[in-house]
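Containing compact mmCIF, C-alpha atoms and all ligand atoms: upload_29.txt.
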```txt
# COMPACT_ATOMS: atom_id res chain seq x y z
CA MET A 1 0.00 0.00 0.00
CA ASN A 2 1.45 3.39 -0.94
CA GLU A 3 2.03 5.67 2.03
CA VAL A 4 -0.80 8.19 2.07
CA TYR A 5 -0.35 11.70 3.43
CA ASP A 6 -2.63 14.48 4.56
CA ILE A 7 -4.65 14.46 1.36
CA ILE A 8 -6.74 11.51 2.53
CA ASN A 9 -7.00 12.68 6.14
CA VAL A 10 -7.96 16.23 5.28
CA MET A 11 -10.92 15.69 3.02
CA ASP A 12 -12.73 13.09 1.00
CA ASN A 13 -10.81 12.69 -2.24
CA THR A 14 -13.97 13.08 -4.28
CA ASP A 15 -14.14 16.74 -3.09
CA LEU A 16 -10.74 17.46 -4.61
CA LYS A 17 -10.50 18.80 -8.13
CA ILE A 18 -8.58 21.29 -10.23
CA SER A 19 -9.41 23.18 -13.41
CA ILE A 20 -6.92 23.09 -16.27
CA GLY A 21 -7.03 25.64 -19.08
CA HIS A 22 -5.16 24.56 -22.22
CA LEU A 23 -4.15 27.69 -24.10
CA TYR A 24 -4.29 27.48 -27.90
CA PRO A 25 -3.60 23.74 -28.44
CA LYS A 26 -4.56 24.03 -32.12
CA GLN A 27 -1.63 26.41 -32.65
CA LEU A 28 0.88 25.46 -29.96
CA ASN A 29 1.32 21.70 -29.53
CA LEU A 30 4.74 20.81 -30.85
CA TYR A 31 6.71 17.57 -30.26
CA GLY A 32 3.92 15.94 -28.26
CA ASP A 33 3.40 18.70 -25.74
CA MET A 34 -0.16 17.29 -25.29
CA GLY A 35 1.59 14.63 -23.23
CA ASN A 36 1.85 17.17 -20.43
CA ILE A 37 -1.94 17.50 -20.25
CA ILE A 38 -2.37 13.71 -20.35
CA THR A 39 0.11 13.36 -17.47
CA LEU A 40 -1.58 15.98 -15.31
CA LYS A 41 -5.00 14.41 -15.93
CA LYS A 42 -3.83 10.82 -15.24
CA ARG A 43 -1.89 11.72 -12.06
CA CYS A 44 -5.00 13.41 -10.73
CA GLU A 45 -7.30 10.57 -11.84
CA TRP A 46 -5.07 7.94 -10.19
CA ARG A 47 -5.55 9.80 -6.91
CA GLY A 48 -9.26 10.42 -7.28
CA ILE A 49 -8.75 14.15 -7.89
CA GLY A 50 -11.24 15.56 -10.38
CA VAL A 51 -10.10 17.60 -13.39
CA ASN A 52 -12.16 20.18 -15.27
CA TYR A 53 -10.29 20.52 -18.56
CA VAL A 54 -11.00 23.27 -21.09
CA GLU A 55 -9.36 24.06 -24.42
CA ILE A 56 -9.02 27.77 -25.15
CA ASP A 57 -9.04 28.71 -28.83
CA LEU A 58 -8.17 31.95 -30.62
CA GLY A 59 -10.93 34.46 -29.89
CA ASP A 60 -12.14 32.69 -26.73
CA LYS A 61 -12.37 34.62 -23.46
CA ILE A 62 -9.84 32.90 -21.19
CA PRO A 63 -11.66 31.50 -18.12
CA GLU A 64 -10.37 31.52 -14.56
CA CYS A 65 -8.48 28.24 -14.00
CA ASP A 66 -6.27 26.75 -11.31
CA LEU A 67 -3.64 25.67 -13.84
CA TYR A 68 -2.90 26.90 -17.38
CA PHE A 69 -0.80 25.06 -19.96
CA ILE A 70 0.63 26.44 -23.21
CA GLY A 71 2.75 24.34 -25.55
CA GLY A 72 5.42 25.04 -28.11
CA GLY A 73 5.17 26.03 -31.76
CA GLN A 74 6.90 27.44 -34.79
CA ASP A 75 7.31 31.18 -35.21
CA LYS A 76 4.31 31.42 -37.56
CA GLU A 77 1.90 29.80 -35.07
CA GLN A 78 3.18 32.07 -32.34
CA ILE A 79 2.05 35.18 -34.27
CA ASP A 80 -1.70 34.45 -33.95
CA VAL A 81 -1.37 33.30 -30.34
CA SER A 82 0.63 36.41 -29.43
CA LYS A 83 -2.12 38.67 -30.80
CA ALA A 84 -4.95 36.74 -29.09
CA MET A 85 -3.23 36.35 -25.73
CA TYR A 86 -1.99 39.94 -25.55
CA LEU A 87 -5.61 41.18 -25.60
CA GLN A 88 -6.11 39.32 -22.27
CA LYS A 89 -2.76 40.22 -20.75
CA ASP A 90 -4.27 42.06 -17.74
CA PHE A 91 -6.55 39.12 -16.91
CA LEU A 92 -3.66 36.65 -17.12
CA GLN A 93 -1.52 38.84 -14.86
CA GLU A 94 -4.41 38.92 -12.37
CA GLN A 95 -4.53 35.08 -12.47
CA ARG A 96 -0.78 34.95 -11.87
CA ASP A 97 -1.16 37.25 -8.87
CA LYS A 98 -3.93 34.97 -7.54
CA ASN A 99 -1.31 32.19 -7.60
CA ALA A 100 -2.72 30.33 -10.58
CA VAL A 101 -0.19 27.85 -11.93
CA PHE A 102 1.17 28.33 -15.45
CA LEU A 103 3.35 25.92 -17.41
CA GLY A 104 4.69 27.20 -20.73
CA ILE A 105 6.83 25.08 -23.05
CA CYS A 106 9.28 26.69 -25.50
CA GLY A 107 7.21 28.89 -27.88
CA GLY A 108 4.50 29.14 -25.21
CA TYR A 109 7.18 29.93 -22.61
CA GLN A 110 8.55 32.71 -24.80
CA LEU A 111 5.08 34.35 -24.97
CA LEU A 112 4.78 34.31 -21.16
CA GLY A 113 7.62 36.86 -21.11
CA HIS A 114 7.62 40.43 -22.46
CA TYR A 115 8.30 39.60 -26.10
CA TYR A 116 9.78 37.18 -28.64
CA GLN A 117 11.76 38.71 -31.53
CA PRO A 118 11.92 36.10 -34.33
CA PHE A 119 14.95 36.09 -36.63
CA ASP A 120 12.78 37.42 -39.47
CA GLY A 121 9.65 39.40 -38.91
CA GLU A 122 8.00 41.60 -36.32
CA LYS A 123 8.47 41.38 -32.57
CA LEU A 124 5.75 39.26 -30.94
CA SER A 125 4.23 40.68 -27.74
CA GLY A 126 4.17 38.47 -24.69
CA VAL A 127 1.87 38.79 -21.67
CA GLY A 128 4.60 39.67 -19.16
CA LEU A 129 3.88 36.96 -16.59
CA LEU A 130 7.65 36.42 -16.48
CA ASP A 131 10.22 39.22 -16.43
CA ALA A 132 12.03 37.79 -19.43
CA TYR A 133 12.52 38.43 -23.14
CA THR A 134 13.55 36.28 -26.09
CA VAL A 135 15.52 37.07 -29.24
CA ALA A 136 16.02 34.49 -31.99
CA GLY A 137 19.64 33.58 -32.71
CA LYS A 138 21.18 32.23 -35.92
CA LYS A 139 21.82 28.80 -34.43
CA ARG A 140 19.14 26.24 -33.56
CA PHE A 141 19.58 24.43 -30.25
CA ILE A 142 18.55 20.78 -30.75
CA GLY A 143 19.19 17.90 -28.36
CA ASN A 144 18.57 16.46 -24.91
CA VAL A 145 18.83 18.60 -21.80
CA THR A 146 19.60 17.69 -18.20
CA ALA A 147 19.12 20.47 -15.69
CA HIS A 148 19.12 20.71 -11.88
CA THR A 149 16.50 22.43 -9.74
CA ASP A 150 16.74 23.61 -6.13
CA PHE A 151 13.16 22.66 -5.23
CA LEU A 152 12.52 19.12 -6.52
CA THR A 153 13.62 15.63 -5.43
CA PRO A 154 15.28 14.20 -7.46
CA ASP A 155 16.73 17.58 -8.44
CA THR A 156 16.99 16.68 -12.14
CA LEU A 157 14.71 17.64 -15.00
CA VAL A 158 15.21 16.04 -18.41
CA GLY A 159 13.79 16.81 -21.83
CA PHE A 160 14.42 17.68 -25.46
CA GLU A 161 15.09 21.17 -26.77
CA ASN A 162 14.57 22.52 -30.30
CA HIS A 163 14.60 26.31 -30.45
CA SER A 164 16.42 29.28 -31.95
CA GLY A 165 15.07 31.67 -29.35
CA LEU A 166 17.52 32.91 -26.73
CA THR A 167 15.75 33.82 -23.48
CA TYR A 168 17.15 36.20 -20.87
CA LEU A 169 15.73 36.52 -17.34
CA GLN A 170 15.49 39.74 -15.33
CA ASN A 171 14.92 40.88 -11.70
CA ASP A 172 12.65 38.54 -9.68
CA THR A 173 12.21 35.98 -12.45
CA LYS A 174 14.59 33.18 -11.54
CA PRO A 175 15.80 30.17 -13.52
CA LEU A 176 13.79 26.97 -13.24
CA ALA A 177 17.03 25.00 -13.24
CA VAL A 178 20.76 25.01 -14.01
CA VAL A 179 21.89 23.15 -17.13
CA SER A 180 24.45 20.34 -16.92
CA THR A 181 23.82 18.91 -20.42
CA GLY A 182 22.42 20.90 -23.35
CA ASN A 183 21.82 24.64 -23.86
CA GLY A 184 18.72 25.78 -21.98
CA ASN A 185 17.62 29.43 -22.14
CA ASN A 186 20.46 30.82 -24.25
CA GLY A 187 23.46 28.50 -24.26
CA LYS A 188 25.52 31.08 -22.36
CA ASP A 189 24.39 31.58 -18.76
CA ASN A 190 23.69 27.91 -17.93
CA THR A 191 20.08 28.65 -17.00
CA GLU A 192 17.11 26.61 -18.14
CA GLY A 193 13.56 27.88 -17.98
CA ALA A 194 12.12 30.40 -15.57
CA ARG A 195 9.91 30.74 -12.53
CA TYR A 196 8.09 33.69 -10.97
CA LYS A 197 5.38 33.03 -8.37
CA ASN A 198 3.60 29.94 -9.78
CA VAL A 199 4.50 30.68 -13.39
CA PHE A 200 6.89 28.10 -14.87
CA GLY A 201 8.50 28.24 -18.28
CA THR A 202 10.86 25.75 -19.88
CA TYR A 203 12.43 24.76 -23.19
CA LEU A 204 11.99 21.08 -22.34
CA HIS A 205 9.81 19.22 -24.79
CA GLY A 206 9.68 15.46 -24.75
CA SER A 207 7.00 15.85 -23.54
CA LEU A 208 8.24 17.18 -20.25
CA LEU A 209 5.96 15.82 -17.52
CA PRO A 210 5.76 12.06 -18.32
CA LYS A 211 9.52 11.78 -17.67
CA ASN A 212 9.46 14.26 -14.78
CA PRO A 213 6.59 13.06 -12.53
CA HIS A 214 8.00 14.95 -9.54
CA LEU A 215 7.44 18.24 -11.40
CA ALA A 216 3.94 17.14 -12.46
CA ASP A 217 3.02 16.42 -8.83
CA TYR A 218 4.56 19.71 -7.70
CA LEU A 219 2.34 21.60 -10.17
CA ILE A 220 -0.78 19.63 -9.14
CA SER A 221 -0.06 20.41 -5.47
CA LEU A 222 0.30 24.12 -6.24
CA ALA A 223 -2.98 24.08 -8.20
CA LEU A 224 -4.78 22.38 -5.29
CA GLU A 225 -3.30 24.93 -2.87
CA LYS A 226 -4.44 27.78 -5.10
CA ARG A 227 -7.99 26.36 -5.21
CA PHE A 228 -8.41 25.19 -1.59
CA GLY A 229 -6.06 27.56 0.23
CA GLU A 230 -4.02 24.86 1.95
CA LYS A 231 -0.99 22.70 1.20
CA PHE A 232 -1.42 19.10 0.11
CA LYS A 233 1.01 16.22 0.05
CA LEU A 234 -0.11 13.88 -2.67
CA GLU A 235 -0.44 10.11 -2.32
CA LYS A 236 2.73 8.51 -3.69
CA LEU A 237 2.35 6.64 -6.98
CA ASN A 238 4.42 3.81 -8.40
CA ASP A 239 6.66 5.81 -10.76
CA ALA A 240 9.15 3.08 -11.60
CA ILE A 241 8.50 3.36 -15.34
CA GLU A 242 8.52 7.16 -15.31
CA TYR A 243 11.87 7.31 -13.53
CA SER A 244 13.30 4.60 -15.75
CA ALA A 245 12.54 6.92 -18.69
CA HIS A 246 13.87 9.90 -16.72
CA ASN A 247 17.15 8.18 -15.85
CA SER A 248 17.63 6.94 -19.42
CA VAL A 249 18.04 10.57 -20.57
CA ILE A 250 20.15 12.00 -17.77
CA ASN A 251 23.45 13.45 -19.04
CA LYS A 252 22.82 12.22 -22.59
CA ALA A 253 23.22 14.92 -25.24
CA TYR A 254 21.53 12.88 -28.04
N1 LIG B 1 9.61 29.22 -32.59
C1 LIG B 1 10.34 29.26 -31.33
C2 LIG B 1 11.87 29.08 -31.51
O1 LIG B 1 12.29 28.59 -32.53
C3 LIG B 1 9.82 28.17 -30.40
C4 LIG B 1 10.08 26.75 -30.94
C5 LIG B 1 9.41 25.67 -30.13
O2 LIG B 1 8.35 25.91 -29.52
N2 LIG B 1 10.00 24.46 -30.14
O3 LIG B 1 12.61 29.39 -30.60
```

In structure tokens, how does this file's structure come out?
Amino acid sequence: MNEVYDIINVMDNTDLKISIGHLYPKQLNLYGDMGNIITLKKRCEWRGIGVNYVEIDLGDKIPECDLYFIGGGQDKEQIDVSKAMYLQKDFLQEQRDKNAVFLGICGGYQLLGHYYQPFDGEKLSGVGLLDAYTVAGKKRFIGNVTAHTDFLTPDTLVGFENHSGLTYLQNDTKPLAVVSTGNGNNGKDNTEGARYKNVFGTYLHGSLLPKNPHLADYLISLALEKRFGEKFKLEKLNDAIEYSAHNSVINKAY
């Protein structure tokens, strides 16, 4: 029997649920980023935690959610998303300040900052949830990444990067992790991803969460805390397969 923590003692599991808003999956869903949504849903379902999932399309009014996800995409898909999301920038910043959880992957991550300047074409406005900006470089970063966090156990995050954007963090926006294999944000300062409040950005495709269950559970816990106003320790799951996949990538460049 898995050791069960407060979550069972505090309230009947059937009362627990989170809402997940998937931002622009028709435009931003590169390299299997949908796998992140599947992982969040399954890891809640396996614990009896309900999930209200909603896809948000171009032109939709973004609803209030406990957790938002935005995937990666090519420059051309980012143009339409940038325009649509920027119109709701104030609302999204309000959600951030209410401790909603955001996870942005690559192109989605770039649009959570102030702007993304593609190599060719106009600057794309971001929604400023992260104090960061991105400028496309001439070189494309492609390969596996291993990076180390200061808030997860195990401390490693693994994934696959494929981007030309170089992201630079400012002020209170801190790196998600420090790179030991691969390039990360810009291939220069050894940082990977970003975090401010409960907003998380990363270049790690793969998709990210199936091979990093500890991060998935961390995000679910934050979303529960945002909704119910108290901290939860989740029931442990048997993650032998997940960590076998995780460990198979560690420190491998390709
Ligand atoms: N178009 C962006 C870049 O090349 C993001 C790519 C992606 O989402 N993988 O940096």

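Using all atoms listed in the file, the nearest neighbour of ligand LIG 1 (chain B) within the list A:Glu161, A:Glu64, A:Asp120, A:Glu55 is A:Glu161.
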
Can you pull out every residue with an atom within 6 Å of ligand LIG 1 (chain B)? Use only C-alpha atoms and all ligand atoms and format it as a compact mmCIF listing (two decimals) with C-alpha atoms, in the coordinates of the input.
```txt
# COMPACT_ATOMS: atom_id res chain seq x y z
CA GLY A 72 5.42 25.04 -28.11
CA GLY A 73 5.17 26.03 -31.76
CA GLN A 74 6.90 27.44 -34.79
CA ASP A 75 7.31 31.18 -35.21
CA CYS A 106 9.28 26.69 -25.50
CA GLY A 107 7.21 28.89 -27.88
CA ASN A 162 14.57 22.52 -30.30
CA HIS A 163 14.60 26.31 -30.45
CA SER A 164 16.42 29.28 -31.95
CA GLY A 165 15.07 31.67 -29.35
```

Restrict the calculation to only C-alpha atoms, then for each residue of region 80-107 of chain A with any atom at most 12 Å from an atom of region 197-201 of chain A give the closest atom pair and their distance in Å to one decimal, rows by chain and rising residue number, as a Markdown table.
```
| residue | atom | partner | partner_atom | distance |
| --- | --- | --- | --- | --- |
| A:Leu92 | CA | A:Val199 | CA | 10.8 |
| A:Gln93 | CA | A:Val199 | CA | 10.2 |
| A:Gln95 | CA | A:Asn198 | CA | 10.0 |
| A:Arg96 | CA | A:Val199 | CA | 7.0 |
| A:Asp97 | CA | A:Lys197 | CA | 7.8 |
| A:Lys98 | CA | A:Asn198 | CA | 9.3 |
| A:Asn99 | CA | A:Asn198 | CA | 5.8 |
| A:Ala100 | CA | A:Asn198 | CA | 6.4 |
| A:Val101 | CA | A:Asn198 | CA | 4.8 |
| A:Phe102 | CA | A:Val199 | CA | 4.6 |
| A:Leu103 | CA | A:Phe200 | CA | 4.9 |
| A:Gly104 | CA | A:Gly201 | CA | 4.6 |
| A:Ile105 | CA | A:Gly201 | CA | 6.0 |
| A:Cys106 | CA | A:Gly201 | CA | 7.4 |
| A:Gly107 | CA | A:Gly201 | CA | 9.7 |
```

Enumerate, as a list in words, the protein, DNA and RNA residues whose atoms approach (-3.1, 37.7, -23.0) to within 7 Å, taking into account only C-alpha atoms and the coordinate frame of the file. Ala84, Met85, Tyr86, Leu87, Gln88, Lys89, Asp90, Leu92 and Val127 of chain A

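Candidate residues A:Leu157, A:Ile241, A:Leu166, A:Ile49 were compared for distance to Arg140 (chain A), and the nearest is A:Leu166, using all atoms listed in the file.
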
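Going from CA of Thr39 (chain A) over to CA of Ala216 (chain A), you cover 7.4 Å.
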
Report, in Å with one decimal, the straight-line distance from CA of Glu235 (chain A) to CA of Tyr196 (chain A). 26.5 Å

Distance table requested - region 71-158 of chain A against region 244-247 of chain A, cut-off 12 Å, all atoms listed in the file: one row per qualifying residue with the closest atom pair and its distance in Å to one decimal, ordered by chain and rising residue number, as a tab-separated table.
```
residue	atom	partner	partner_atom	distance
A:Asn144	CA	A:His246	CA	11.5
A:Val145	CA	A:His246	CA	11.2
A:Thr146	CA	A:His246	CA	9.8
A:Ala147	CA	A:His246	CA	11.8
A:Pro154	CA	A:His246	CA	10.3
A:Asp155	CA	A:His246	CA	11.6
A:Thr156	CA	A:His246	CA	8.8
A:Leu157	CA	A:His246	CA	8.0
A:Val158	CA	A:His246	CA	6.5
```

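When CA of Asp60 (chain A) is paired with CA of Ile37 (chain A), their separation reads 19.4 Å.
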
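Closest approach to Phe228 (chain A) among A:Leu58, A:Val135, A:Ile18, A:Leu169: A:Ile18, based on only C-alpha atoms.
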
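Distances from A:Arg47, A:His148, A:Lys226, A:Lys41 to Thr191 (chain A) were compared using all atoms listed in the file, and the smallest one belongs to A:His148.
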
Take every atom of region 100-112 of chain A listed in the file, pad by 8 Å on each side, and give me the axis-aligned box centre and edge lengths in Å, one decimal, as AutoDock Vina command-line options.
```
--center_x 3.3 --center_y 29.7 --center_z -19.2 --size_x 28.0 --size_y 25.3 --size_z 33.3
```

Skipping near chain neighbours, those fewer than 2 positions away, what residues fall within 6 Å of Asn190 (chain A) using all atoms listed in the file, listed as a PyMOL selection string? chain A and resi 178-179+188

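Each of A:Lys138, A:Gly159, A:Gly113, A:Arg43 was compared to Lys236 (chain A) using all atoms listed in the file, and A:Arg43 turns out to be the nearest.
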
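When all atoms listed in the file are used to measure the gap to Glu77 (chain A), the shortest distance among A:Tyr24, A:Gly32, A:Lys252, A:Tyr109 belongs to A:Tyr24.
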
Write out as a PyMOL selection string which residues come within 12 Å of Glu122 (chain A) when counting all atoms listed in the file, dropping same-chain ones fewer than 2 positions away. chain A and resi 75-76+78-79+82-83+115-120+124-125+135-136

Could you pull the residues within 7 Å of Leu112 (chain A), counting all atoms listed in the file, minus those fewer than 6 positions along the same chain, as an MDAnalysis selection string? chainID A and resid 126:130
